[in-house]
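Reviewing the structure listed below.
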Amino acid sequence: MSSRPGAVWPLVAVFTAGYLASYLLPTLVGRLSAQLGLSATEAGLVGSALLLSSAGAGFALAGRVERLGPRTPARAGLVLAAVGYGFTALAGSVPLVVLGVVVGGLGSGTATAVAAAGIAARRDPHRTSSLGLLTVSATAGVLYLTIPHLGGGHRLPFAAIAVVALLVWPATARLGGATGAEGAASPVTGRLPHRRSGLVLAGGMLVWSMAQNALWGVSSRIGVVQAGLSEVTVGAVFAAALGAGLLGVTGAGLLGGRLGRAMPIGLGTVVIAGSIVLSSSARDLGSFATGEILWNTVYPVVLSYLIGLAASLDIRGRWAVLAGSASSVGVACGPLLGSVLSEEAGYPAMGLILGAATLLVAAPVTAVALHTGGRPLVPGSVRRRGGVPVALLAATATGSMPGAVPKLGAPEQTVTELRVPALRRRRLVRSAIRTAGPDGASGQGNG
């Protein structure tokens with residue numbers, strides 16, 4: 001990706017187009033259930049099909065975006081999203097709707113993979129992910145305010161996602177070069193760094209996202225069925241919640257890495273667990289709005305730090321794509337899990353189960369943030385021959401703060417190994433020992 005400041009905005013636009021479907025999931029699932037006569041579980045399955053296809057695209061592209069370049073896969077993803085969701089908006093039968101959402105999900109996953117790889121290549125991946133979450137939250141908030149007033153059944157929200165994909169298309173012209181380290185054009189080589197931490201993070205994000213989206217997928221029905229609110233009122237609550245999320249992400253972007261990643265991730269996840277319990281047990285507007293707004297304020301903040309953490313594990317963006325795809329699997333399973341739990345155990349019991357699951361993953365994910373917080377991979381790095389990038393920690397050696405490291409990087413250079421014959425090495429060692437000894441020191445002084 002280009003290092004120019006303006007180059008971040010095409011990346012943010014692609015990020016928005018890729019994430020928008022998951023942000024509109026309550027409306028998509030709710031309207032499919034109401035307009036096509038599907039049960040809650042069947043509508044959840046359709047939502048899961050969309051998100052599973054998105055996750056599949058992410059897994060398929062992990063490590064390949066750099067070789068392909070960002071522009072081609074981004075355009076392919078936007079075309080698939082526009083065609084798939086547009087087809088779903090026009091379809092009137094369940095099989096055609098499923099076909100459309102699968103195609104659209106492939107497009108969303110492709111766009112998200114390009115964005116994740118690009119974010120990992122930025123000098124400040126956390127700030128870039130925060131900008132992306134700000135944009136997608138604002139876009140979804142506007143749609144939540146307008147869609148309930150326009151009707152249109154399931155067609156309108158799917159058509160809106162397709163239109164956003166088309167609007168983002170011109171921005172892909174600004175995506176050029178490889179999405180690996182800024183200024184580097186070498187192919188992805190070497191093993192994945194930090195494998196254990198990456199696997200723990202990916203598994204934690206899968207469960208974390210599953211719990212979040214299990215509630216998100218049935219939030220609309222909680223508001224309408226359990227709290228007795230109208231669709232317009234629920235849409236207004238969602239818009240307010242997403243607006244609060246904008247403030248939360250803005251604060252996280254301004255705060256940056258001053259508190260590290262462990263505290264925002266750990267403490268934020270605890271707050272999210274409590275919000276899930278509160279929202280799922282709501283029986284009036286006050287408790288429902290409080291739970292949803294508090295939850296949506298903290299959720300994107302923690303997500304931005306998780307994205308930044310995944311990006312810091314591998315500058316080539318492979319862990320960012322893999323962890324993001326694992327998160328997409330959790331997102332995909334969420335609507336179905338939420339529908340099954342709500343039907344079998346009720347909304348309050350569902351909230352307790354999801355809150356407990358969220359708390360369980362807080363510890364290992366926070367441990368990854370603590371373990372890797374002092375070893376960032378930055379764009380300016382030295383890459384050993386045939387190996388993965390190694391961060392230049394010159395600032396640490398000179399006593400500078402670790403936060404300054406990302407600004408010190410130069411374009412990647414290959415370290416050339418100099419081979420010295422064994423006999424020559426032994427002579428050099430003996431000479432160095434004589435020079436460093438007392439005789440050598442006195443000899444130099446007398447000379």
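Letters for chains follow the order of the structure tokens (A, B, ...), residue numbers begin at 1 for each chain, and ligand numbers begin at 1 in the order shown.
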>> I want to know what sits within 10 Å of Ala13 (chain A), based on only C-alpha atoms, with residues of the same chain fewer than 2 positions away left out; could you give that as a ChimeraX atom specification?
In response: /A:8-11,15-18,111,115,131-132,135-136,164-165,167-172
Selection file, N, CA, C and O atoms, as a tab-separated table (two decimals), in the first residue's frame:
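This is the output file part_24.tsv:
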```
chain	number	residue	atom	x	y	z
A	8	VAL	N	-5.02	6.07	2.70
A	8	VAL	CA	-5.77	5.31	3.69
A	8	VAL	C	-7.26	5.32	3.39
A	8	VAL	O	-7.98	4.37	3.72
A	9	TRP	N	-7.76	6.34	2.71
A	9	TRP	CA	-9.20	6.45	2.52
A	9	TRP	C	-9.78	5.43	1.56
A	9	TRP	O	-10.88	4.90	1.83
A	10	PRO	N	-9.12	5.08	0.47
A	10	PRO	CA	-9.64	3.95	-0.32
A	10	PRO	C	-9.69	2.66	0.49
A	10	PRO	O	-10.63	1.87	0.33
A	11	LEU	N	-8.72	2.45	1.35
A	11	LEU	CA	-8.71	1.27	2.19
A	11	LEU	C	-9.88	1.28	3.16
A	11	LEU	O	-10.55	0.27	3.37
A	15	PHE	N	-13.01	-1.34	3.40
A	15	PHE	CA	-13.33	-1.90	4.71
A	15	PHE	C	-14.82	-1.73	5.01
A	15	PHE	O	-15.49	-2.65	5.48
A	16	THR	N	-15.36	-0.54	4.73
A	16	THR	CA	-16.77	-0.26	4.99
A	16	THR	C	-17.68	-1.16	4.17
A	16	THR	O	-18.65	-1.73	4.68
A	17	ALA	N	-17.37	-1.29	2.89
A	17	ALA	CA	-18.19	-2.14	2.02
A	17	ALA	C	-18.15	-3.60	2.48
A	17	ALA	O	-19.16	-4.31	2.41
A	18	GLY	N	-17.01	-4.06	2.97
A	18	GLY	CA	-16.90	-5.44	3.40
A	18	GLY	C	-17.60	-5.73	4.72
A	18	GLY	O	-18.18	-6.80	4.91
A	111	ALA	N	-13.54	-8.26	0.01
A	111	ALA	CA	-13.24	-6.86	0.33
A	111	ALA	C	-12.63	-6.73	1.71
A	111	ALA	O	-11.67	-5.97	1.92
A	115	ALA	N	-8.91	-5.29	2.84
A	115	ALA	CA	-8.78	-4.24	3.85
A	115	ALA	C	-7.90	-4.68	5.01
A	115	ALA	O	-7.07	-3.91	5.50
A	131	LEU	N	-10.60	4.20	11.89
A	131	LEU	CA	-11.27	4.97	10.84
A	131	LEU	C	-12.27	4.11	10.08
A	131	LEU	O	-13.37	4.56	9.75
A	132	GLY	N	-11.89	2.86	9.80
A	132	GLY	CA	-12.81	1.97	9.11
A	132	GLY	C	-14.06	1.70	9.92
A	132	GLY	O	-15.19	1.73	9.38
A	135	THR	N	-16.37	4.70	9.91
A	135	THR	CA	-17.11	4.86	8.66
A	135	THR	C	-18.25	3.85	8.53
A	135	THR	O	-19.37	4.21	8.16
A	136	VAL	N	-17.97	2.60	8.85
A	136	VAL	CA	-19.02	1.59	8.71
A	136	VAL	C	-20.11	1.80	9.76
A	136	VAL	O	-21.30	1.59	9.48
A	164	VAL	N	-23.85	0.57	-1.79
A	164	VAL	CA	-22.60	0.99	-1.14
A	164	VAL	C	-21.40	0.36	-1.85
A	164	VAL	O	-20.37	1.02	-2.07
A	165	ALA	N	-21.51	-0.91	-2.22
A	165	ALA	CA	-20.42	-1.57	-2.94
A	165	ALA	C	-20.12	-0.87	-4.26
A	165	ALA	O	-18.95	-0.68	-4.64
A	167	LEU	N	-20.75	2.30	-4.94
A	167	LEU	CA	-20.21	3.63	-4.65
A	167	LEU	C	-18.73	3.57	-4.27
A	167	LEU	O	-17.98	4.52	-4.52
A	168	VAL	N	-18.32	2.46	-3.67
A	168	VAL	CA	-16.92	2.31	-3.26
A	168	VAL	C	-16.02	1.96	-4.45
A	168	VAL	O	-14.81	2.20	-4.42
A	169	TRP	N	-16.60	1.43	-5.52
A	169	TRP	CA	-15.81	0.98	-6.68
A	169	TRP	C	-14.80	2.01	-7.16
A	169	TRP	O	-13.63	1.66	-7.39
A	170	PRO	N	-15.16	3.30	-7.37
A	170	PRO	CA	-14.14	4.26	-7.86
A	170	PRO	C	-12.93	4.39	-6.95
A	170	PRO	O	-11.83	4.72	-7.42
A	171	ALA	N	-13.10	4.13	-5.66
A	171	ALA	CA	-11.96	4.27	-4.74
A	171	ALA	C	-10.88	3.24	-4.99
A	171	ALA	O	-9.73	3.44	-4.61
A	172	THR	N	-11.22	2.13	-5.65
A	172	THR	CA	-10.22	1.09	-5.89
A	172	THR	C	-9.14	1.54	-6.86
A	172	THR	O	-8.07	0.93	-6.93
```
>> Please extract the residues of region 55-105 of chain A with a backbone DSSP assignment of helix (DSSP H, G or I) and present them as a PyMOL selection string.
In response: chain A and resi 55-61+65-68+71-90+94-105
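Using only C-alpha atoms for every distance, the candidate list A:Ser327, A:Thr366, A:Thr139, A:Thr358 yields A:Ser327 as the residue closest to Ser54 (chain A).
Residue nearest Thr41 (chain A) within the list A:Val29, A:Leu313, A:Ala162, A:Ala363: A:Val29 [criterion: smallest interatomic distance, only C-alpha atoms].
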>> Neighbouring residues of Val301 (chain A) were defined as those with any atom within 8 Å, considering only C-alpha atoms; residues of the same chain fewer than 4 positions away were excluded. Please report them as a count of residues only.
In response: 9
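Using only C-alpha atoms, the nearest neighbour of Arg221 (chain A) within the list A:His371, A:Arg191, A:Arg123, A:Arg283 is A:Arg283.
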Under the rule of at most 10 Å, produce a per-residue listing of region 325-383 of chain A near region 195-212 of chain A: chain, number, name, the closest pair of atoms, and the distance in Å, as a tab-separated table, using only C-alpha atoms.
```
residue	atom	partner	partner_atom	distance
A:Ser325	CA	A:Ala202	CA	8.4
A:Ala326	CA	A:Leu206	CA	5.2
A:Ser327	CA	A:Leu206	CA	4.4
A:Ser328	CA	A:Leu206	CA	7.2
A:Val329	CA	A:Leu206	CA	6.4
A:Gly330	CA	A:Met210	CA	4.0
A:Val331	CA	A:Met210	CA	5.0
A:Ala332	CA	A:Met210	CA	7.4
A:Cys333	CA	A:Met210	CA	6.0
A:Gly334	CA	A:Met210	CA	4.5
A:Pro335	CA	A:Met210	CA	8.2
A:Leu336	CA	A:Met210	CA	9.7
A:Leu337	CA	A:Met210	CA	8.0
A:Gly338	CA	A:Ala211	CA	8.2
A:Met350	CA	A:Ala211	CA	9.9
A:Gly351	CA	A:Ala211	CA	9.1
A:Ile353	CA	A:Ala211	CA	8.8
A:Leu354	CA	A:Ala211	CA	5.2
A:Gly355	CA	A:Ala211	CA	7.5
A:Ala356	CA	A:Ala211	CA	9.3
A:Ala357	CA	A:Ala211	CA	6.9
A:Thr358	CA	A:Trp208	CA	5.7
A:Leu359	CA	A:Trp208	CA	8.9
A:Leu360	CA	A:Gly204	CA	9.1
A:Val361	CA	A:Gly204	CA	5.5
A:Ala362	CA	A:Gly204	CA	7.9
A:Ala363	CA	A:Gly204	CA	9.3
A:Pro364	CA	A:Val200	CA	7.0
A:Val365	CA	A:Leu201	CA	5.6
A:Thr366	CA	A:Leu201	CA	9.0
A:Ala367	CA	A:Ser197	CA	8.9
A:Val368	CA	A:Ser197	CA	5.7
A:Ala369	CA	A:Ser197	CA	8.8
A:His371	CA	A:Ser197	CA	8.1
A:Thr372	CA	A:Ser197	CA	7.9
```
Output for the residues just chosen: C-alpha atoms as a PDB file, in the first residue's frame:
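Saved to out_34.pdb:
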```pdb
ATOM      1  CA  SER A 325     -11.712 -14.803   8.898  1.00  0.00           C
ATOM      2  CA  ALA A 326     -11.933 -16.745  12.160  1.00  0.00           C
ATOM      3  CA  SER A 327     -13.924 -13.842  13.533  1.00  0.00           C
ATOM      4  CA  SER A 328     -16.172 -14.065  10.478  1.00  0.00           C
ATOM      5  CA  VAL A 329     -16.832 -17.740  11.247  1.00  0.00           C
ATOM      6  CA  GLY A 330     -17.913 -16.686  14.721  1.00  0.00           C
ATOM      7  CA  VAL A 331     -20.052 -13.938  13.231  1.00  0.00           C
ATOM      8  CA  ALA A 332     -21.589 -16.490  10.869  1.00  0.00           C
ATOM      9  CA  CYS A 333     -22.459 -18.916  13.655  1.00  0.00           C
ATOM     10  CA  GLY A 334     -23.798 -16.122  15.845  1.00  0.00           C
ATOM     11  CA  PRO A 335     -27.282 -15.630  14.323  1.00  0.00           C
ATOM     12  CA  LEU A 336     -28.011 -19.346  14.361  1.00  0.00           C
ATOM     13  CA  LEU A 337     -26.700 -19.734  17.915  1.00  0.00           C
ATOM     14  CA  GLY A 338     -28.723 -16.764  19.094  1.00  0.00           C
ATOM     15  CA  MET A 350     -29.357 -16.729  26.292  1.00  0.00           C
ATOM     16  CA  GLY A 351     -27.771 -13.522  27.574  1.00  0.00           C
ATOM     17  CA  ILE A 353     -24.768 -17.989  28.428  1.00  0.00           C
ATOM     18  CA  LEU A 354     -23.328 -15.512  25.943  1.00  0.00           C
ATOM     19  CA  GLY A 355     -22.002 -13.258  28.703  1.00  0.00           C
ATOM     20  CA  ALA A 356     -20.236 -16.190  30.346  1.00  0.00           C
ATOM     21  CA  ALA A 357     -18.675 -17.236  27.021  1.00  0.00           C
ATOM     22  CA  THR A 358     -17.459 -13.681  26.466  1.00  0.00           C
ATOM     23  CA  LEU A 359     -15.805 -13.597  29.890  1.00  0.00           C
ATOM     24  CA  LEU A 360     -14.099 -16.943  29.259  1.00  0.00           C
ATOM     25  CA  VAL A 361     -12.223 -15.663  26.199  1.00  0.00           C
ATOM     26  CA  ALA A 362     -11.214 -12.392  27.859  1.00  0.00           C
ATOM     27  CA  ALA A 363      -8.285 -13.979  29.731  1.00  0.00           C
ATOM     28  CA  PRO A 364      -6.456 -15.738  26.844  1.00  0.00           C
ATOM     29  CA  VAL A 365      -6.935 -12.860  24.401  1.00  0.00           C
ATOM     30  CA  THR A 366      -5.691 -10.356  26.983  1.00  0.00           C
ATOM     31  CA  ALA A 367      -2.712 -12.637  27.639  1.00  0.00           C
ATOM     32  CA  VAL A 368      -1.819 -12.501  23.936  1.00  0.00           C
ATOM     33  CA  ALA A 369      -1.956  -8.706  24.071  1.00  0.00           C
ATOM     34  CA  HIS A 371       2.729 -11.259  25.552  1.00  0.00           C
ATOM     35  CA  THR A 372       3.130  -9.522  22.212  1.00  0.00           C
TER      36      THR A 372
END
```
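For the residues A:Gly104, A:Pro125, A:Pro148, A:Pro157, ranking by smallest atom-to-atom distance to Val234 (chain A) using only C-alpha atoms places A:Pro148 first.
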>> Could you list, as a PyMOL selection string, every residue within 6 Å of Ala57 (chain A), counting only C-alpha atoms and ignoring same-chain residues fewer than 2 positions away?
In response: chain A and resi 54-55+59-60+106+109-110
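Using only C-alpha atoms, the smallest distance between any of A:Pro73, A:Gly47, A:Gly274, A:Gly251 and Pro300 (chain A) comes from A:Gly251.
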>> Which residues are close to His126 (chain A), i.e. within 9 Å by only C-alpha atoms, leaving aside same-chain residues fewer than 5 positions away? Reply as a list in words.
In response: Ile119, Ala120, Leu131, Ala252, Gly253, Gly256, Gly257, Ser304, Tyr305, Leu306, Ile307, Gly308, Leu309 and Ala311 of chain A
